[in-house]
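Structure data follow from data.txt (compact mmCIF, C-alpha atoms):
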# COMPACT_ATOMS: atom_id res chain seq x y z
CA MET A 1 25.50 30.20 -33.64
CA THR A 2 23.07 29.05 -30.98
CA ASP A 3 23.36 30.12 -27.36
CA PRO A 4 25.22 27.74 -25.09
CA ILE A 5 23.04 25.66 -22.78
CA LYS A 6 22.60 27.31 -19.40
CA VAL A 7 24.32 25.26 -16.72
CA ILE A 8 23.29 25.82 -13.11
CA GLU A 9 25.49 24.60 -10.25
CA ILE A 10 22.96 23.62 -7.67
CA LYS A 11 23.74 23.21 -4.01
CA LYS A 12 22.20 21.09 -1.33
CA SER A 13 19.78 22.88 0.94
CA VAL A 14 21.13 24.33 4.17
CA PHE A 15 17.68 23.87 5.69
CA ALA A 16 16.81 20.58 7.24
CA ASP A 17 13.14 20.43 6.42
CA ASN A 18 12.81 19.31 2.83
CA ASP A 19 9.11 18.53 3.19
CA GLN A 20 8.40 22.10 4.20
CA ASP A 21 10.53 23.45 1.33
CA ALA A 22 8.59 21.20 -1.04
CA ARG A 23 5.21 22.40 0.24
CA LEU A 24 6.28 26.02 -0.13
CA LEU A 25 7.50 25.42 -3.66
CA ARG A 26 4.28 23.64 -4.61
CA GLY A 27 2.34 26.63 -3.30
CA GLN A 28 4.37 29.03 -5.45
CA LEU A 29 3.91 26.82 -8.51
CA LYS A 30 0.14 26.86 -7.91
CA GLU A 31 0.17 30.65 -7.64
CA LYS A 32 2.06 30.99 -10.91
CA GLY A 33 0.02 28.31 -12.66
CA VAL A 34 3.09 26.20 -13.46
CA TYR A 35 2.75 22.39 -13.37
CA LEU A 36 6.01 20.70 -12.37
CA LEU A 37 6.49 17.08 -13.43
CA ASN A 38 9.28 15.14 -11.71
CA LEU A 39 10.41 12.37 -14.07
CA MET A 40 12.42 9.55 -12.53
CA SER A 41 13.86 6.22 -13.73
CA SER A 42 16.91 3.97 -13.81
CA PRO A 43 19.83 5.01 -16.01
CA GLY A 44 19.14 4.31 -19.66
CA SER A 45 15.41 3.68 -19.45
CA GLY A 46 14.69 6.32 -22.09
CA LYS A 47 13.74 9.47 -20.18
CA THR A 48 15.23 11.84 -22.74
CA THR A 49 13.76 10.12 -25.81
CA THR A 50 10.36 9.96 -24.12
CA LEU A 51 10.55 13.67 -23.30
CA ILE A 52 11.48 14.63 -26.85
CA ARG A 53 8.51 12.69 -28.27
CA THR A 54 6.11 14.00 -25.63
CA ILE A 55 7.22 17.61 -26.00
CA GLY A 56 6.89 17.28 -29.78
CA LEU A 57 3.20 16.47 -29.30
CA LEU A 58 2.53 19.14 -26.66
CA LYS A 59 4.72 22.13 -27.47
CA ASP A 60 2.08 23.90 -29.58
CA ARG A 61 -0.53 23.37 -26.88
CA LEU A 62 1.42 24.11 -23.70
CA ARG A 63 4.36 26.40 -22.87
CA ILE A 64 7.06 23.96 -21.73
CA ALA A 65 10.59 24.07 -20.28
CA VAL A 66 12.92 21.25 -19.22
CA MET A 67 15.44 21.04 -16.37
CA GLU A 68 18.01 18.29 -16.80
CA ALA A 69 19.76 16.94 -13.74
CA ASP A 70 22.54 15.02 -15.31
CA ILE A 71 25.57 14.14 -13.32
CA ASP A 72 28.46 15.11 -15.47
CA SER A 73 27.49 16.16 -18.94
CA ASP A 74 25.11 18.52 -20.66
CA VAL A 75 24.34 16.02 -23.41
CA ASP A 76 20.66 15.66 -22.60
CA ALA A 77 19.89 19.37 -22.29
CA VAL A 78 21.49 20.01 -25.68
CA ILE A 79 19.68 17.07 -27.30
CA ILE A 80 16.32 18.21 -25.96
CA ARG A 81 16.75 21.79 -27.08
CA GLU A 82 17.95 20.80 -30.51
CA ALA A 83 15.17 18.26 -31.01
CA THR A 84 12.28 20.34 -29.68
CA GLY A 85 13.34 24.00 -29.72
CA ILE A 86 12.10 24.53 -26.17
CA GLU A 87 14.07 26.03 -23.31
CA SER A 88 16.24 23.45 -21.60
CA ILE A 89 18.70 24.02 -18.77
CA GLN A 90 21.22 21.77 -17.13
CA LEU A 91 21.36 21.34 -13.35
CA HIS A 92 24.82 20.30 -12.27
CA THR A 93 24.35 18.32 -9.08
CA GLY A 94 28.03 17.69 -8.40
CA GLY A 95 27.51 13.95 -8.24
CA MET A 96 24.42 14.10 -5.99
CA CYS A 97 22.20 11.04 -6.23
CA HIS A 98 18.91 12.93 -6.06
CA LEU A 99 17.31 16.36 -6.17
CA ASP A 100 15.58 17.96 -3.20
CA ALA A 101 13.08 20.83 -3.17
CA GLU A 102 15.73 23.51 -2.65
CA MET A 103 17.79 22.24 -5.60
CA THR A 104 14.64 22.17 -7.72
CA ARG A 105 13.80 25.74 -6.69
CA GLN A 106 17.29 26.89 -7.76
CA GLY A 107 16.56 25.42 -11.18
CA LEU A 108 13.11 27.03 -11.37
CA ASP A 109 14.57 30.44 -10.42
CA ASN A 110 16.69 30.15 -13.55
CA VAL A 111 14.00 28.84 -15.87
CA GLY A 112 11.63 31.48 -14.53
CA MET A 113 8.06 30.64 -13.63
CA GLU A 114 6.36 33.27 -15.80
CA ASN A 115 4.84 32.31 -19.15
CA LEU A 116 5.10 28.58 -18.60
CA ASP A 117 2.42 25.91 -18.19
CA LEU A 118 4.63 22.87 -17.69
CA VAL A 119 8.17 22.39 -16.39
CA ILE A 120 9.62 18.91 -16.61
CA LEU A 121 12.40 17.97 -14.23
CA GLU A 122 14.48 15.04 -15.50
CA ASN A 123 15.78 13.67 -12.20
CA VAL A 124 19.04 11.74 -11.67
CA GLY A 125 18.89 8.19 -13.10
CA ASN A 126 18.37 6.22 -9.90
CA LEU A 127 15.45 4.15 -8.57
CA VAL A 128 16.36 4.61 -4.91
CA CYS A 129 17.28 8.07 -3.61
CA PRO A 130 15.10 10.34 -5.79
CA ALA A 131 12.02 8.54 -4.40
CA GLU A 132 12.94 9.67 -0.89
CA PHE A 133 12.93 13.41 -1.57
CA ASP A 134 9.87 15.49 -2.37
CA THR A 135 11.05 17.93 -5.05
CA GLY A 136 7.96 20.10 -4.75
CA ALA A 137 6.62 18.70 -8.02
CA VAL A 138 2.88 18.53 -8.66
CA CYS A 139 3.27 15.04 -10.08
CA ASN A 140 5.83 12.23 -9.84
CA ALA A 141 6.28 10.12 -12.94
CA MET A 142 8.61 7.23 -13.63
CA ILE A 143 9.73 5.20 -16.59
CA LEU A 144 10.37 1.49 -16.31
CA SER A 145 11.85 -0.03 -19.45
CA VAL A 146 11.16 -3.59 -20.56
CA PRO A 147 14.83 -4.76 -20.37
CA GLU A 148 14.94 -3.89 -16.65
CA GLY A 149 12.43 -6.66 -15.87
CA ASP A 150 8.83 -6.90 -14.66
CA ASP A 151 9.92 -7.53 -11.02
CA LYS A 152 11.19 -4.00 -10.38
CA PRO A 153 8.10 -2.94 -8.34
CA LEU A 154 9.01 -5.74 -5.89
CA LYS A 155 12.59 -4.55 -5.55
CA TYR A 156 12.20 -0.77 -5.56
CA PRO A 157 8.86 -0.42 -3.73
CA LEU A 158 9.21 3.21 -2.60
CA MET A 159 9.78 4.52 -6.13
CA PHE A 160 6.64 2.82 -7.41
CA SER A 161 4.57 3.93 -4.43
CA VAL A 162 5.39 7.64 -4.84
CA CYS A 163 4.64 7.82 -8.58
CA ASP A 164 1.29 8.91 -10.00
CA VAL A 165 2.11 7.44 -13.39
CA VAL A 166 4.38 4.61 -14.53
CA VAL A 167 5.38 4.67 -18.18
CA ILE A 168 6.55 1.29 -19.44
CA ASN A 169 9.00 2.02 -22.24
CA LYS A 170 10.74 -0.03 -24.97
CA THR A 171 7.69 -2.21 -25.70
CA ASP A 172 9.24 -2.88 -29.14
CA VAL A 173 11.68 -5.31 -27.52
CA LEU A 174 9.02 -7.25 -25.57
CA PRO A 175 9.57 -10.30 -27.85
CA TYR A 176 13.24 -10.49 -26.81
CA PHE A 177 12.83 -10.26 -23.03
CA ASP A 178 11.02 -12.30 -20.37
CA PHE A 179 8.80 -9.37 -19.42
CA ASN A 180 5.16 -10.05 -18.57
CA LEU A 181 3.20 -6.79 -18.92
CA GLU A 182 0.19 -8.06 -16.97
CA LYS A 183 2.35 -9.35 -14.15
CA CYS A 184 4.13 -5.98 -14.07
CA ARG A 185 0.80 -4.12 -13.86
CA GLU A 186 -0.16 -6.39 -10.97
CA TYR A 187 3.12 -5.70 -9.10
CA ILE A 188 2.66 -1.95 -9.64
CA ARG A 189 -0.92 -2.19 -8.27
CA MET A 190 0.44 -3.95 -5.17
CA ARG A 191 2.67 -0.95 -4.51
CA ASN A 192 0.30 1.74 -5.68
CA PRO A 193 -3.29 0.89 -6.62
CA LYS A 194 -3.92 4.41 -7.96
CA ALA A 195 -0.97 4.64 -10.36
CA THR A 196 -1.74 5.10 -14.05
CA VAL A 197 0.26 2.65 -16.21
CA ILE A 198 1.01 3.61 -19.81
CA PRO A 199 3.02 1.31 -22.14
CA ILE A 200 4.93 3.17 -24.84
CA CYS A 201 7.78 2.83 -27.28
CA ALA A 202 9.62 6.15 -27.30
CA LYS A 203 11.83 5.00 -30.21
CA THR A 204 8.90 4.43 -32.62
CA GLY A 205 6.50 6.81 -30.88
CA GLU A 206 3.87 4.15 -30.20
CA GLY A 207 1.71 5.02 -27.20
CA VAL A 208 3.43 8.35 -26.56
CA ASP A 209 0.22 10.13 -27.63
CA VAL A 210 -1.57 8.39 -24.74
CA PHE A 211 1.01 9.67 -22.26
CA ALA A 212 0.98 13.16 -23.80
CA SER A 213 -2.85 13.36 -23.61
CA TRP A 214 -2.81 12.13 -20.03
CA LEU A 215 -0.23 14.78 -19.11
CA GLU A 216 -2.07 17.57 -20.93
CA GLY A 217 -5.25 16.60 -19.07
CA GLN A 218 -3.41 16.68 -15.73
CA VAL A 219 -1.95 20.13 -16.41
CA LYS A 220 -5.33 21.57 -17.44
CA ASP A 221 -7.25 20.00 -14.54
CA TRP A 222 -4.70 21.29 -12.08
CA LYS A 223 -4.81 24.83 -13.46
CA GLN A 224 -8.58 24.83 -13.08
CA GLN A 225 -8.66 23.48 -9.55
CA MET B 1 12.56 -28.97 3.46
CA THR B 2 15.43 -26.58 2.80
CA ASP B 3 16.57 -24.09 5.40
CA PRO B 4 15.13 -20.61 5.05
CA ILE B 5 17.47 -18.00 3.61
CA LYS B 6 19.34 -16.13 6.33
CA VAL B 7 18.27 -12.49 6.41
CA ILE B 8 20.57 -10.00 8.11
CA GLU B 9 19.25 -6.58 9.13
CA ILE B 10 22.28 -4.40 8.57
CA LYS B 11 22.71 -1.00 10.13
CA LYS B 12 24.61 2.04 9.03
CA SER B 13 27.98 2.49 10.68
CA VAL B 14 28.14 4.67 13.77
CA PHE B 15 31.72 5.50 12.87
CA ALA B 16 32.35 8.34 10.53
CA ASP B 17 35.42 7.05 8.77
CA ASN B 18 34.27 4.59 6.15
CA ASP B 19 37.63 4.60 4.38
CA GLN B 20 39.36 3.43 7.53
CA ASP B 21 36.70 0.74 8.11
CA ALA B 22 37.21 -0.41 4.53
CA ARG B 23 41.00 -0.62 4.91
CA LEU B 24 40.62 -2.63 8.12
CA LEU B 25 38.17 -5.01 6.47
CA ARG B 26 40.46 -5.49 3.46
CA GLY B 27 43.28 -6.34 5.84
CA GLN B 28 41.17 -8.99 7.56
CA LEU B 29 40.10 -10.46 4.22
CA LYS B 30 43.74 -10.69 3.20
CA GLU B 31 44.60 -12.47 6.47
CA LYS B 32 41.82 -14.99 5.96
CA GLY B 33 42.56 -15.41 2.25
CA VAL B 34 39.04 -14.38 1.22
CA TYR B 35 38.61 -12.38 -2.00
CA LEU B 36 35.61 -10.02 -1.81
CA LEU B 37 34.07 -8.91 -5.09
CA ASN B 38 31.69 -5.94 -4.97
CA LEU B 39 29.28 -6.21 -7.90
CA MET B 40 27.39 -3.06 -8.86
CA SER B 41 24.99 -2.04 -11.63
CA SER B 42 21.71 -0.35 -12.49
CA PRO B 43 18.50 -2.13 -11.57
CA GLY B 44 17.72 -4.91 -14.01
CA SER B 45 21.09 -5.14 -15.73
CA GLY B 46 21.38 -8.85 -14.96
CA LYS B 47 23.56 -9.10 -11.84
CA THR B 48 21.79 -12.20 -10.50
CA THR B 49 21.74 -14.12 -13.79
CA THR B 50 25.40 -13.29 -14.37
CA LEU B 51 26.27 -14.52 -10.88
CA ILE B 52 24.38 -17.80 -11.32
CA ARG B 53 26.23 -18.53 -14.59
CA THR B 54 29.60 -17.49 -13.19
CA ILE B 55 29.20 -19.48 -9.97
CA GLY B 56 28.13 -22.50 -12.03
CA LEU B 57 31.52 -22.37 -13.78
CA LEU B 58 33.58 -21.73 -10.64
CA LYS B 59 31.93 -23.55 -7.75
CA ASP B 60 33.96 -26.75 -8.16
CA ARG B 61 37.17 -24.73 -8.31
CA LEU B 62 36.62 -22.11 -5.61
CA ARG B 63 34.68 -22.04 -2.32
CA ILE B 64 32.12 -19.29 -2.90
CA ALA B 65 29.39 -17.46 -0.93
CA VAL B 66 27.05 -14.65 -1.97
CA MET B 67 25.66 -11.69 0.00
CA GLU B 68 22.59 -10.12 -1.59
CA ALA B 69 21.75 -6.52 -0.73
CA ASP B 70 18.27 -6.29 -2.06
CA ILE B 71 15.99 -3.58 -0.89
CA ASP B 72 12.76 -5.31 -0.06
CA SER B 73 12.71 -8.94 -1.02
CA ASP B 74 14.80 -12.05 -0.63
CA VAL B 75 14.07 -13.19 -4.17
CA ASP B 76 17.65 -13.02 -5.40
CA ALA B 77 19.22 -14.87 -2.45
CA VAL B 78 16.71 -17.72 -2.87
CA ILE B 79 17.22 -17.85 -6.65
CA ILE B 80 21.00 -17.98 -6.30
CA ARG B 81 20.97 -20.70 -3.66
CA GLU B 82 18.47 -22.80 -5.60
CA ALA B 83 20.33 -22.43 -8.88
CA THR B 84 23.86 -22.96 -7.59
CA GLY B 85 23.61 -24.73 -4.20
CA ILE B 86 26.08 -22.32 -2.64
CA GLU B 87 25.54 -20.35 0.56
CA SER B 88 23.63 -17.15 -0.07
CA ILE B 89 22.45 -14.64 2.52
CA GLN B 90 20.25 -11.60 2.26
CA LEU B 91 21.34 -8.22 3.63
CA HIS B 92 18.31 -6.10 4.44
CA THR B 93 19.42 -2.52 4.05
CA GLY B 94 16.16 -0.91 5.13
CA GLY B 95 15.94 1.10 1.92
CA MET B 96 19.57 2.27 1.95
CA CYS B 97 20.90 3.27 -1.45
CA HIS B 98 24.36 1.76 -0.95
CA LEU B 99 26.48 -0.44 1.29
CA ASP B 100 29.40 0.84 3.30
CA ALA B 101 32.29 -1.12 4.82
CA GLU B 102 30.59 -1.59 8.20
CA MET B 103 27.44 -2.98 6.56
CA THR B 104 29.58 -5.30 4.47
CA ARG B 105 31.42 -6.47 7.58
CA GLN B 106 28.11 -7.29 9.27
CA GLY B 107 27.29 -9.49 6.29
CA LEU B 108 30.74 -11.16 6.36
CA ASP B 109 30.39 -11.87 10.07
CA ASN B 110 27.33 -13.92 9.20
CA VAL B 111 28.75 -15.65 6.15
CA GLY B 112 31.92 -16.40 8.09
CA MET B 113 35.33 -15.91 6.55
CA GLU B 114 36.68 -19.42 7.17
CA ASN B 115 36.72 -22.00 4.38
CA LEU B 116 35.91 -19.51 1.63
CA ASP B 117 37.96 -18.29 -1.33
CA LEU B 118 35.50 -15.86 -2.87
CA VAL B 119 32.60 -13.84 -1.45
CA ILE B 120 30.48 -11.90 -3.90
CA LEU B 121 28.54 -8.91 -2.67
CA GLU B 122 25.62 -8.01 -4.91
CA ASN B 123 25.26 -4.32 -4.13
CA VAL B 124 22.07 -2.23 -4.38
CA GLY B 125 20.98 -1.59 -7.98
CA ASN B 126 22.16 2.01 -8.38
CA LEU B 127 24.88 3.63 -10.52
CA VAL B 128 25.42 6.60 -8.20
CA CYS B 129 25.70 6.03 -4.44
CA PRO B 130 27.42 2.62 -4.29
CA ALA B 131 30.35 4.12 -6.23
CA GLU B 132 30.95 6.61 -3.41
CA PHE B 133 31.48 4.07 -0.63
CA ASP B 134 34.44 1.73 -0.34
CA THR B 135 32.92 -1.55 0.90
CA GLY B 136 36.31 -3.03 1.74
CA ALA B 137 36.13 -5.25 -1.33
CA VAL B 138 39.31 -6.42 -3.05
CA CYS B 139 37.76 -5.68 -6.44
CA ASN B 140 34.92 -3.52 -7.75
CA ALA B 141 33.00 -4.89 -10.71
CA MET B 142 30.05 -3.50 -12.59
CA ILE B 143 27.60 -4.68 -15.18
CA LEU B 144 26.35 -2.36 -17.91
CA SER B 145 23.61 -3.89 -20.03
CA VAL B 146 23.15 -3.07 -23.70
CA PRO B 147 19.62 -1.60 -23.34
CA GLU B 148 20.97 1.05 -20.93
CA GLY B 149 22.97 2.67 -23.72
CA ASP B 150 26.64 3.11 -24.64
CA ASP B 151 26.77 6.64 -23.18
CA LYS B 152 26.54 5.60 -19.53
CA PRO B 153 30.30 6.10 -18.83
CA LEU B 154 29.73 9.78 -19.75
CA LYS B 155 26.82 10.15 -17.37
CA TYR B 156 27.94 8.07 -14.38
CA PRO B 157 31.70 8.74 -14.43
CA LEU B 158 32.48 7.85 -10.82
CA MET B 159 31.00 4.35 -11.09
CA PHE B 160 33.11 3.57 -14.15
CA SER B 161 36.25 5.06 -12.64
CA VAL B 162 36.10 2.93 -9.46
CA CYS B 163 35.54 -0.40 -11.25
CA ASP B 164 38.35 -2.79 -12.16
CA VAL B 165 36.13 -4.68 -14.58
CA VAL B 166 33.10 -3.68 -16.64
CA VAL B 167 30.94 -6.56 -17.84
CA ILE B 168 28.75 -5.60 -20.79
CA ASN B 169 25.67 -7.81 -20.57
CA LYS B 170 22.74 -8.67 -22.87
CA THR B 171 24.84 -8.72 -26.05
CA ASP B 172 22.10 -10.92 -27.58
CA VAL B 173 19.93 -7.83 -28.03
CA LEU B 174 22.64 -5.70 -29.69
CA PRO B 175 20.75 -5.88 -33.03
CA TYR B 176 17.71 -4.20 -31.47
CA PHE B 177 19.42 -1.28 -29.75
CA ASP B 178 21.60 1.64 -30.89
CA PHE B 179 24.53 0.46 -28.81
CA ASN B 180 28.02 0.81 -30.24
CA LEU B 181 30.35 -1.58 -28.41
CA GLU B 182 33.53 0.13 -29.65
CA LYS B 183 32.25 3.56 -28.69
CA CYS B 184 31.34 2.20 -25.27
CA ARG B 185 34.83 0.74 -24.80
CA GLU B 186 36.25 4.15 -25.72
CA TYR B 187 34.03 5.97 -23.18
CA ILE B 188 35.03 3.45 -20.48
CA ARG B 189 38.72 4.01 -21.32
CA MET B 190 38.18 7.78 -20.94
CA ARG B 191 36.98 7.19 -17.36
CA ASN B 192 39.30 4.35 -16.50
CA PRO B 193 42.10 3.32 -18.87
CA LYS B 194 42.91 0.23 -16.77
CA ALA B 195 39.43 -1.29 -16.64
CA THR B 196 38.97 -4.74 -18.15
CA VAL B 197 35.91 -4.85 -20.42
CA ILE B 198 34.16 -8.20 -20.97
CA PRO B 199 31.07 -8.52 -23.20
CA ILE B 200 28.75 -11.37 -22.19
CA CYS B 201 25.23 -12.65 -22.57
CA ALA B 202 24.21 -14.07 -19.18
CA LYS B 203 20.97 -15.43 -20.65
CA THR B 204 22.70 -17.69 -23.20
CA GLY B 205 26.00 -17.98 -21.30
CA GLU B 206 28.09 -16.52 -24.13
CA GLY B 207 31.29 -14.91 -22.83
CA VAL B 208 30.59 -15.81 -19.19
CA ASP B 209 33.54 -18.24 -19.32
CA VAL B 210 35.82 -15.28 -20.09
CA PHE B 211 34.56 -13.40 -17.06
CA ALA B 212 34.78 -16.53 -14.86
CA SER B 213 38.39 -17.20 -15.94
CA TRP B 214 39.34 -13.59 -15.37
CA LEU B 215 37.82 -13.71 -11.87
CA GLU B 216 39.45 -17.04 -11.01
CA GLY B 217 42.82 -15.62 -12.09
CA GLN B 218 42.29 -12.54 -9.91
CA VAL B 219 41.41 -14.62 -6.84
CA LYS B 220 44.45 -16.88 -7.30
CA ASP B 221 46.88 -14.02 -7.98
CA TRP B 222 45.65 -12.18 -4.92
CA LYS B 223 45.98 -15.21 -2.66
CA GLN B 224 49.58 -15.65 -3.81
CA GLN B 225 50.57 -12.01 -3.37
With the file now loaded, output its structure as structure tokens.
Amino acid sequence: MTDPIKVIEIKKSVFADNDQDARLLRGQLKEKGVYLLNLMSSPGSGKTTTLIRTIGLLKDRLRIAVMEADIDSDVDAVIIREATGIESIQLHTGGMCHLDAEMTRQGLDNVGMENLDLVILENVGNLVCPAEFDTGAVCNAMILSVPEGDDKPLKYPLMFSVCDVVVINKTDVLPYFDFNLEKCREYIRMRNPKATVIPICAKTGEGVDVFASWLEGQVKDWKQQ
Amino acid sequence: MTDPIKVIEIKKSVFADNDQDARLLRGQLKEKGVYLLNLMSSPGSGKTTTLIRTIGLLKDRLRIAVMEADIDSDVDAVIIREATGIESIQLHTGGMCHLDAEMTRQGLDNVGMENLDLVILENVGNLVCPAEFDTGAVCNAMILSVPEGDDKPLKYPLMFSVCDVVVINKTDVLPYFDFNLEKCREYIRMRNPKATVIPICAKTGEGVDVFASWLEGQVKDWKQQ
């Protein structure tokens, strides 16, 4: 019998200054040499499948853990642990629409920051609120899936402007949707000229190696800084 | 030259009691005989396309107006007016993740409640926050699109439990996704045994007549109550 998934009931911060909490957390992460990736997206864009593929490519090269912030189930944490064998915990947010730095720290206290290179936080599926709160992560990443449409950077500008990398998922269904990849790249550049854009198909694995290499490079560069 | 789309800068309520505001607004709607439909979904699930098709079927039978709550563009309000010819206004929410009853009332004050049977509020694309705020609408509707996955009722329980109707959109791509329609119906029933479930494809128009008839019936029943 396998251990049950650890479920953490996280509470909203009693402190008002989330930006300060986030800076403090980022400082601690730097001290411990842990790279925290905050992964955001709409519901159903493929965060969990992307993570499983990415972790599969990186787990022998980096020590990884995952924190899942699902709203009312532990499905994703179980799936990730079963598929990858890495430590995965569930953050119960009690219906919250985002995570802040204090909630993230509560998760990290449970994962532990020793003996890890990379912690991935799967944020609540929401293109609005998570973009407004600095979680303390070293890097913000988002997934936009083809069926959502190439105009999303026009409609959810803050999310695109706070992300260092935009993964465009479900490229296998490009023939069935009116999604123009070049137009989407252009809209993303309007919001965030520095963002890295990586098209992938998490279902087939196509392009996931590009994202995994990019992430591994980021983790290593950051540890050496 | 056509008139420019009316853009309303809406502000958060200064009153604390949204539920009371919502009840008051519903009372006024009842007095005026205006049915307000609050349409919610994830980003990119096809709210606007569904509305255009539905309005096309109903606009000679009901007097309709649309309020668009987009975050940072007036694209949808323009598209809807150009495609259907009906009055469409844009509610600028200043990045808000949801609408409350006071914000909805500000929109209705601009649309006017005379000479209308049906006002459709296209809420912010978000499966979390809009479910928490009663807008004063007579009916809550949501769209779940096939690419988002059949497990969404498990992950966003509140949204599914507050909706009277769940429209399942993009059925044309069912062959390309692992989406089990029966399983999805079962998950929706778990959250909300009374919800009406209507599969459609807004792109081709398939099933939109079913949704339009259902909505017309609701508006007429409510006016006669």
Practice task
Figure out the distance between CA of Leu144 (chain B) and CA of Ile168 (chain B), please, to one decimal in Å.
Solution key: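 Calculated distance between CA of Ile168 (chain B) and CA of Leu144 (chain B) is 5.0 Å.
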Region 66-180 of chain B residues near region 19-43 of chain B within 9 Å, closest pair each, using all atoms listed in the file, as a tab-separated table:
residue	atom	partner	partner_atom	distance
B:Asp100	CA	B:Ala22	CA	8.0
B:Ala101	CA	B:Ala22	CA	5.0
B:Glu102	CA	B:Asp21	CA	6.5
B:Thr104	CA	B:Leu25	CA	8.8
B:Arg105	CA	B:Leu25	CA	7.0
B:Met113	CA	B:Lys32	CA	6.6
B:Glu114	CA	B:Lys32	CA	6.9
B:Asn115	CA	B:Val34	CA	8.6
B:Leu116	CA	B:Val34	CA	6.0
B:Asp117	CA	B:Val34	CA	4.8
B:Leu118	CA	B:Tyr35	CA	4.7
B:Val119	CA	B:Leu36	CA	4.9
B:Ile120	CA	B:Leu37	CA	4.8
B:Leu121	CA	B:Asn38	CA	4.9
B:Glu122	CA	B:Leu39	CA	5.1
B:Asn123	CA	B:Met40	CA	5.3
B:Val124	CA	B:Met40	CA	7.0
B:Gly125	CA	B:Pro43	CA	4.4
B:Asn126	CA	B:Ser42	CA	4.8
B:Leu127	CA	B:Ser42	CA	5.5
B:Val128	CA	B:Ser42	CA	9.0
B:Pro130	CA	B:Met40	CA	7.3
B:Ala131	CA	B:Met40	CA	8.2
B:Phe133	CA	B:Asp19	CA	8.0
B:Asp134	CA	B:Ala22	CA	6.0
B:Thr135	CA	B:Ala22	CA	5.7
B:Gly136	CA	B:Ala22	CA	3.9
B:Ala137	CA	B:Leu36	CA	4.8
B:Val138	CA	B:Leu36	CA	5.3
B:Cys139	CA	B:Leu37	CA	5.1
B:Asn140	CA	B:Asn38	CA	4.9
B:Ala141	CA	B:Leu39	CA	4.8
B:Met142	CA	B:Met40	CA	4.6
B:Ile143	CA	B:Ser41	CA	5.1
B:Leu144	CA	B:Ser41	CA	6.4
B:Ser145	CA	B:Ser42	CA	8.5
B:Glu148	CA	B:Ser42	CA	8.6
B:Met159	CA	B:Met40	CA	8.5
B:Cys163	CA	B:Met40	CA	8.9
Atoms to include: C-alpha atoms. Write the selected residues as a PDB file, in the coordinates of the input.
ATOM      1  CA  ASP B 100      29.400   0.840   3.300  1.00  0.00           C
ATOM      2  CA  ALA B 101      32.290  -1.120   4.820  1.00  0.00           C
ATOM      3  CA  GLU B 102      30.590  -1.590   8.200  1.00  0.00           C
ATOM      4  CA  THR B 104      29.580  -5.300   4.470  1.00  0.00           C
ATOM      5  CA  ARG B 105      31.420  -6.470   7.580  1.00  0.00           C
ATOM      6  CA  MET B 113      35.330 -15.910   6.550  1.00  0.00           C
ATOM      7  CA  GLU B 114      36.680 -19.420   7.170  1.00  0.00           C
ATOM      8  CA  ASN B 115      36.720 -22.000   4.380  1.00  0.00           C
ATOM      9  CA  LEU B 116      35.910 -19.510   1.630  1.00  0.00           C
ATOM     10  CA  ASP B 117      37.960 -18.290  -1.330  1.00  0.00           C
ATOM     11  CA  LEU B 118      35.500 -15.860  -2.870  1.00  0.00           C
ATOM     12  CA  VAL B 119      32.600 -13.840  -1.450  1.00  0.00           C
ATOM     13  CA  ILE B 120      30.480 -11.900  -3.900  1.00  0.00           C
ATOM     14  CA  LEU B 121      28.540  -8.910  -2.670  1.00  0.00           C
ATOM     15  CA  GLU B 122      25.620  -8.010  -4.910  1.00  0.00           C
ATOM     16  CA  ASN B 123      25.260  -4.320  -4.130  1.00  0.00           C
ATOM     17  CA  VAL B 124      22.070  -2.230  -4.380  1.00  0.00           C
ATOM     18  CA  GLY B 125      20.980  -1.590  -7.980  1.00  0.00           C
ATOM     19  CA  ASN B 126      22.160   2.010  -8.380  1.00  0.00           C
ATOM     20  CA  LEU B 127      24.880   3.630 -10.520  1.00  0.00           C
ATOM     21  CA  VAL B 128      25.420   6.600  -8.200  1.00  0.00           C
ATOM     22  CA  PRO B 130      27.420   2.620  -4.290  1.00  0.00           C
ATOM     23  CA  ALA B 131      30.350   4.120  -6.230  1.00  0.00           C
ATOM     24  CA  PHE B 133      31.480   4.070  -0.630  1.00  0.00           C
ATOM     25  CA  ASP B 134      34.440   1.730  -0.340  1.00  0.00           C
ATOM     26  CA  THR B 135      32.920  -1.550   0.900  1.00  0.00           C
ATOM     27  CA  GLY B 136      36.310  -3.030   1.740  1.00  0.00           C
ATOM     28  CA  ALA B 137      36.130  -5.250  -1.330  1.00  0.00           C
ATOM     29  CA  VAL B 138      39.310  -6.420  -3.050  1.00  0.00           C
ATOM     30  CA  CYS B 139      37.760  -5.680  -6.440  1.00  0.00           C
ATOM     31  CA  ASN B 140      34.920  -3.520  -7.750  1.00  0.00           C
ATOM     32  CA  ALA B 141      33.000  -4.890 -10.710  1.00  0.00           C
ATOM     33  CA  MET B 142      30.050  -3.500 -12.590  1.00  0.00           C
ATOM     34  CA  ILE B 143      27.600  -4.680 -15.180  1.00  0.00           C
ATOM     35  CA  LEU B 144      26.350  -2.360 -17.910  1.00  0.00           C
ATOM     36  CA  SER B 145      23.610  -3.890 -20.030  1.00  0.00           C
ATOM     37  CA  GLU B 148      20.970   1.050 -20.930  1.00  0.00           C
ATOM     38  CA  MET B 159      31.000   4.350 -11.090  1.00  0.00           C
ATOM     39  CA  CYS B 163      35.540  -0.400 -11.250  1.00  0.00           C
TER      40      CYS B 163
END
Exercise for the section: Identify every residue of chain B that has at least one atom within 10 Å of any atom of chain A, counting all atoms listed in the file, and report the result as a VMD selection string. Expected result: chain B and resid 41 to 46 70 to 76 95 to 98 124 to 129 132 144 to 158 170 172 to 173 176 to 177 203
